[in-house]
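Q: Quick one: the structure is below, and I'll ask about it shortly.
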Amino acid sequence: MTEPKTTDLRPMPEDWQRCLAVVAHPDDLEYGCSAAIAAWTDAGREVAYLLATRGEAGIDTLPPAECGPLREREQRASAAVVGVTAVEFLDHQDGVIEYGTALRRDIAAAIRRHRPELVITLNHRDTWGGVAWNTPDHVAVGRATLDAAGDAGNRWIFPELTEQGLEPWNGVRWVAVAGSSTPTHAVDATPGLERAVRSLLEHRTYIEVLTDEDPETYVREFLTGYAETTGERFGGTPAVAFELFSR
């Protein structure tokens with residue numbers, strides 16, 4: 001029998017029912033995660049989205065007061081494509097999210113509300129694989145999410161949450177980081193890939209300022225290329241990768 005290579009990605013755990021995905025901006029989940037999310041909702045699992053901002057500083061030609069509501073609408077439509085109806089926004093300020101107790105409290109509160117076994121977030125490290133610098137928003141939200149997964153279960157951290165009726169939740173078993181340069185696990189992207197393409201295309205206003213290409217061509221090539229590259233470490237099956245931390 002052939003032994004697996006040390007670089008092979010293992011299948012993500014499947015013995016869970018509820019997931020909370022926590023990111024900084026609209027479209028963060030659609031650049032890679034949504035094919036996995038589509039497969040999970042198809043299997044009857046519950047997935048909720050929590051966004052720290054509305055992405056209001058993301059389009060140079062639109063003032064934040066106009067951009068924020070537009071991007072919120074696009075995010076809700078995008079989530080619906082992959083079977084997610086619970087989409088919440090925290091109203092932190094796009095571009096200047098601060099890591100700290102306020103952000104940890106907000107995320108811990110959401111974890112207590114949704115009571116997930118699996119929490120997903122985005123790359124919390126300074127770079128994308130040492131090639132490109134990460135944004136402060138991604139770093140702050142990713143790091144705060146890792147911390148809040150523990151905060152949510154300790155009644156003496158943020159005791160005001162208990163006073164608000166949000167009882168501690170110690171049921172988070174894993175935190176999965178998307179966009180990591182050191183992934184450990186993966187999900188077959190094949191069943192959800194077409195919906196992932198449609199989901200990202202719902203962010204059309206944002207995509208049109210990112211590229212001069214046809215949006216559908218750009219999105220399809222990006223997501224397909226990512227899934228196929230990841231699949232080289234997942235038995236040749238197109239995949240979505242995560243770095244999985246057990247709790």
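Residues are referred to by chain and number: the chain letter is A, B, ... according to the order shown in the structure tokens, the number counts from 1 in that chain, and ligands are numbered separately from 1 in the order shown.
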Hey, what's within 6 Å of A:Ala108 if we count only C-alpha atoms and toss same-chain stuff fewer than 3 positions away? As a short mmCIF file (atom, residue, chain, number, x, y, z; two decimals) with N, CA, C and O atoms, in the first residue's frame, please?
A:
```
data_model
loop_
_atom_site.label_atom_id
_atom_site.label_comp_id
_atom_site.auth_asym_id
_atom_site.auth_seq_id
_atom_site.Cartn_x
_atom_site.Cartn_y
_atom_site.Cartn_z
N ARG A 104 -13.00 40.82 19.82
CA ARG A 104 -13.14 39.48 20.40
C ARG A 104 -14.51 39.30 21.03
O ARG A 104 -15.15 38.25 20.88
N ARG A 105 -15.00 40.32 21.74
CA ARG A 105 -16.31 40.23 22.39
C ARG A 105 -17.41 40.04 21.35
O ARG A 105 -18.31 39.21 21.53
N ILE A 111 -20.55 33.56 18.42
CA ILE A 111 -20.33 32.13 18.64
C ILE A 111 -21.31 31.60 19.69
O ILE A 111 -21.88 30.50 19.53
N ALA A 148 -11.50 34.25 20.08
CA ALA A 148 -12.90 34.27 20.51
C ALA A 148 -13.49 32.87 20.62
O ALA A 148 -14.43 32.65 21.40
N ALA A 152 -15.53 32.33 24.03
CA ALA A 152 -16.97 32.02 24.05
C ALA A 152 -17.33 31.01 25.12
O ALA A 152 -18.48 30.97 25.58
#
```
Q: Which residues of stretch 131-234 of chain A have any atom within 12 Å of an atom in stretch 33-46 of chain A when counting only C-alpha atoms, and what is the closest pair of atoms for each, with the distance in Å to one decimal? Order the rows by chain and rising number and write it as CSV.
A:
```
residue,atom,partner,partner_atom,distance
A:Ala176,CA,A:Cys33,CA,10.6
A:Val177,CA,A:Cys33,CA,9.9
A:Ala178,CA,A:Cys33,CA,6.9
A:Gly179,CA,A:Cys33,CA,8.8
A:Ser180,CA,A:Cys33,CA,11.8
A:His185,CA,A:Ala36,CA,11.8
A:Ala186,CA,A:Ala36,CA,8.7
A:Val187,CA,A:Ala36,CA,5.9
A:Asp188,CA,A:Ala36,CA,7.0
A:Ala189,CA,A:Ala35,CA,5.3
A:Thr190,CA,A:Ala35,CA,7.6
A:Pro191,CA,A:Ala39,CA,6.3
A:Gly192,CA,A:Ala35,CA,4.3
A:Leu193,CA,A:Ala35,CA,5.0
A:Glu194,CA,A:Ala35,CA,7.9
A:Arg195,CA,A:Ala35,CA,6.8
A:Ala196,CA,A:Ala35,CA,4.9
A:Val197,CA,A:Ala35,CA,8.3
A:Arg198,CA,A:Ser34,CA,9.9
A:Ser199,CA,A:Ser34,CA,7.4
A:Leu200,CA,A:Ser34,CA,8.4
A:Leu201,CA,A:Ser34,CA,11.8
A:Leu223,CA,A:Ala35,CA,9.1
A:Thr224,CA,A:Ala35,CA,10.4
A:Tyr226,CA,A:Cys33,CA,10.7
A:Ala227,CA,A:Ala35,CA,9.2
```
Q: Can you list, as a PDB file with C-alpha atoms, in the first residue's frame, every residue of stretch 83-131 of chain A that DSSP puts in alpha helix (DSSP H)?
A:
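The resulting file, part_1.pdb, is shown below:
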```pdb
ATOM      1  CA  THR A 101     -11.259  43.040  23.267  1.00  0.00           C
ATOM      2  CA  ALA A 102     -14.123  44.808  21.459  1.00  0.00           C
ATOM      3  CA  LEU A 103     -13.681  42.650  18.365  1.00  0.00           C
ATOM      4  CA  ARG A 104     -13.140  39.482  20.397  1.00  0.00           C
ATOM      5  CA  ARG A 105     -16.311  40.226  22.390  1.00  0.00           C
ATOM      6  CA  ASP A 106     -18.394  40.715  19.249  1.00  0.00           C
ATOM      7  CA  ILE A 107     -17.202  37.460  17.732  1.00  0.00           C
ATOM      8  CA  ALA A 108     -17.539  35.549  21.005  1.00  0.00           C
ATOM      9  CA  ALA A 109     -21.119  36.801  21.271  1.00  0.00           C
ATOM     10  CA  ALA A 110     -21.885  35.477  17.782  1.00  0.00           C
ATOM     11  CA  ILE A 111     -20.331  32.125  18.644  1.00  0.00           C
ATOM     12  CA  ARG A 112     -22.536  31.919  21.742  1.00  0.00           C
ATOM     13  CA  ARG A 113     -25.605  32.784  19.636  1.00  0.00           C
ATOM     14  CA  HIS A 114     -24.956  30.294  16.841  1.00  0.00           C
TER      15      HIS A 114
END
```
Q: Enumerate, in order of chain and increasing residue number, the residues of stretch 46-150 of chain A with an atom no farther than 10 Å from stretch 16-27 of chain A, each with its shortest atom pair and distance in Å to one decimal, counting only C-alpha atoms, as JSON lines.
A:
```
{"residue": "A:Glu46", "atom": "CA", "partner": "A:Arg18", "partner_atom": "CA", "distance": 4.8}
{"residue": "A:Val47", "atom": "CA", "partner": "A:Cys19", "partner_atom": "CA", "distance": 4.7}
{"residue": "A:Ala48", "atom": "CA", "partner": "A:Leu20", "partner_atom": "CA", "distance": 4.9}
{"residue": "A:Tyr49", "atom": "CA", "partner": "A:Ala21", "partner_atom": "CA", "distance": 4.9}
{"residue": "A:Leu50", "atom": "CA", "partner": "A:Val22", "partner_atom": "CA", "distance": 4.8}
{"residue": "A:Leu51", "atom": "CA", "partner": "A:Val23", "partner_atom": "CA", "distance": 5.1}
{"residue": "A:Ala52", "atom": "CA", "partner": "A:Ala24", "partner_atom": "CA", "distance": 4.7}
{"residue": "A:Thr53", "atom": "CA", "partner": "A:His25", "partner_atom": "CA", "distance": 5.6}
{"residue": "A:Arg54", "atom": "CA", "partner": "A:His25", "partner_atom": "CA", "distance": 6.1}
{"residue": "A:Gly55", "atom": "CA", "partner": "A:His25", "partner_atom": "CA", "distance": 5.1}
{"residue": "A:Glu56", "atom": "CA", "partner": "A:His25", "partner_atom": "CA", "distance": 8.8}
{"residue": "A:Ala57", "atom": "CA", "partner": "A:His25", "partner_atom": "CA", "distance": 9.9}
{"residue": "A:Gly58", "atom": "CA", "partner": "A:His25", "partner_atom": "CA", "distance": 8.9}
{"residue": "A:Gly68", "atom": "CA", "partner": "A:Pro26", "partner_atom": "CA", "distance": 9.6}
{"residue": "A:Arg71", "atom": "CA", "partner": "A:Pro26", "partner_atom": "CA", "distance": 6.5}
{"residue": "A:Glu72", "atom": "CA", "partner": "A:Pro26", "partner_atom": "CA", "distance": 7.0}
{"residue": "A:Arg73", "atom": "CA", "partner": "A:Pro26", "partner_atom": "CA", "distance": 9.5}
{"residue": "A:Glu74", "atom": "CA", "partner": "A:Pro26", "partner_atom": "CA", "distance": 7.9}
{"residue": "A:Gln75", "atom": "CA", "partner": "A:Pro26", "partner_atom": "CA", "distance": 5.5}
{"residue": "A:Arg76", "atom": "CA", "partner": "A:Pro26", "partner_atom": "CA", "distance": 9.0}
{"residue": "A:Ser78", "atom": "CA", "partner": "A:Asp27", "partner_atom": "CA", "distance": 8.3}
{"residue": "A:Ala79", "atom": "CA", "partner": "A:Asp27", "partner_atom": "CA", "distance": 9.6}
{"residue": "A:Ala86", "atom": "CA", "partner": "A:Leu20", "partner_atom": "CA", "distance": 9.6}
{"residue": "A:Val87", "atom": "CA", "partner": "A:Ala21", "partner_atom": "CA", "distance": 9.6}
{"residue": "A:Glu88", "atom": "CA", "partner": "A:Val22", "partner_atom": "CA", "distance": 9.6}
{"residue": "A:Phe89", "atom": "CA", "partner": "A:His25", "partner_atom": "CA", "distance": 9.3}
{"residue": "A:Leu90", "atom": "CA", "partner": "A:Ala24", "partner_atom": "CA", "distance": 9.4}
{"residue": "A:His92", "atom": "CA", "partner": "A:Ala24", "partner_atom": "CA", "distance": 8.9}
{"residue": "A:Gln93", "atom": "CA", "partner": "A:Ala24", "partner_atom": "CA", "distance": 9.7}
{"residue": "A:Asp94", "atom": "CA", "partner": "A:His25", "partner_atom": "CA", "distance": 7.7}
{"residue": "A:Gly95", "atom": "CA", "partner": "A:Ala24", "partner_atom": "CA", "distance": 9.2}
{"residue": "A:Ile97", "atom": "CA", "partner": "A:Ala24", "partner_atom": "CA", "distance": 8.3}
{"residue": "A:Ile107", "atom": "CA", "partner": "A:Val22", "partner_atom": "CA", "distance": 7.8}
{"residue": "A:Ala110", "atom": "CA", "partner": "A:Leu20", "partner_atom": "CA", "distance": 8.4}
{"residue": "A:Ile111", "atom": "CA", "partner": "A:Leu20", "partner_atom": "CA", "distance": 7.2}
{"residue": "A:His114", "atom": "CA", "partner": "A:Leu20", "partner_atom": "CA", "distance": 7.1}
{"residue": "A:Arg115", "atom": "CA", "partner": "A:Arg18", "partner_atom": "CA", "distance": 7.2}
{"residue": "A:Pro116", "atom": "CA", "partner": "A:Arg18", "partner_atom": "CA", "distance": 4.6}
{"residue": "A:Glu117", "atom": "CA", "partner": "A:Arg18", "partner_atom": "CA", "distance": 5.7}
{"residue": "A:Leu118", "atom": "CA", "partner": "A:Cys19", "partner_atom": "CA", "distance": 4.7}
{"residue": "A:Val119", "atom": "CA", "partner": "A:Leu20", "partner_atom": "CA", "distance": 4.9}
{"residue": "A:Ile120", "atom": "CA", "partner": "A:Ala21", "partner_atom": "CA", "distance": 4.5}
{"residue": "A:Thr121", "atom": "CA", "partner": "A:Val22", "partner_atom": "CA", "distance": 5.0}
{"residue": "A:Leu122", "atom": "CA", "partner": "A:Val23", "partner_atom": "CA", "distance": 6.2}
{"residue": "A:Asn123", "atom": "CA", "partner": "A:Val23", "partner_atom": "CA", "distance": 9.5}
{"residue": "A:Thr135", "atom": "CA", "partner": "A:Ala24", "partner_atom": "CA", "distance": 10.0}
{"residue": "A:Pro136", "atom": "CA", "partner": "A:Ala24", "partner_atom": "CA", "distance": 9.8}
{"residue": "A:Asp137", "atom": "CA", "partner": "A:Ala24", "partner_atom": "CA", "distance": 6.1}
{"residue": "A:His138", "atom": "CA", "partner": "A:Ala24", "partner_atom": "CA", "distance": 6.0}
{"residue": "A:Val139", "atom": "CA", "partner": "A:Ala24", "partner_atom": "CA", "distance": 9.1}
{"residue": "A:Ala140", "atom": "CA", "partner": "A:Ala24", "partner_atom": "CA", "distance": 8.5}
{"residue": "A:Val141", "atom": "CA", "partner": "A:Ala24", "partner_atom": "CA", "distance": 6.0}
{"residue": "A:Gly142", "atom": "CA", "partner": "A:Val23", "partner_atom": "CA", "distance": 7.1}
{"residue": "A:Ala144", "atom": "CA", "partner": "A:Val22", "partner_atom": "CA", "distance": 9.7}
{"residue": "A:Thr145", "atom": "CA", "partner": "A:Val22", "partner_atom": "CA", "distance": 7.0}
```
Q: What's the separation between atom CA of A:Leu62 and atom CA of A:Tyr206, in Å to one decimal place?
A: 10.3 Å
Q: Quote the spacing between atom CA of A:Gly153 and atom CA of A:Tyr99 in Å to one decimal place.
A: 19.5 Å
Q: Would you please extract all strand (DSSP E) residues from stretch 52-151 of chain A, as assigned by DSSP on the backbone, and give them as a ChimeraX atom specification?
A: /A:86-89,118-122,127-128,132-133
Q: Go ahead and write the selection's residues with C-alpha atoms as a PDB file, in the first residue's frame.
A:
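Wrote out_9.pdb, looks like this:
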```pdb
ATOM      1  CA  ALA A  86     -28.042  33.840   8.160  1.00  0.00           C
ATOM      2  CA  VAL A  87     -25.729  36.768   7.337  1.00  0.00           C
ATOM      3  CA  GLU A  88     -24.780  39.224  10.097  1.00  0.00           C
ATOM      4  CA  PHE A  89     -22.657  42.395  10.068  1.00  0.00           C
ATOM      5  CA  LEU A 118     -16.820  24.412  13.395  1.00  0.00           C
ATOM      6  CA  VAL A 119     -15.656  28.024  13.022  1.00  0.00           C
ATOM      7  CA  ILE A 120     -14.113  29.263   9.781  1.00  0.00           C
ATOM      8  CA  THR A 121     -12.010  32.361   9.256  1.00  0.00           C
ATOM      9  CA  LEU A 122      -9.469  33.747   6.787  1.00  0.00           C
ATOM     10  CA  THR A 127       1.483  37.577   4.332  1.00  0.00           C
ATOM     11  CA  TRP A 128      -0.124  35.320   1.779  1.00  0.00           C
ATOM     12  CA  ALA A 132       2.008  39.271  -0.866  1.00  0.00           C
ATOM     13  CA  TRP A 133       1.279  41.351   2.224  1.00  0.00           C
TER      14      TRP A 133
END
```
Q: In Å, rounded to a single decimal, give me how far atom CA of A:Gly129 is from atom CA of A:Pro13.
A: 24.6 Å
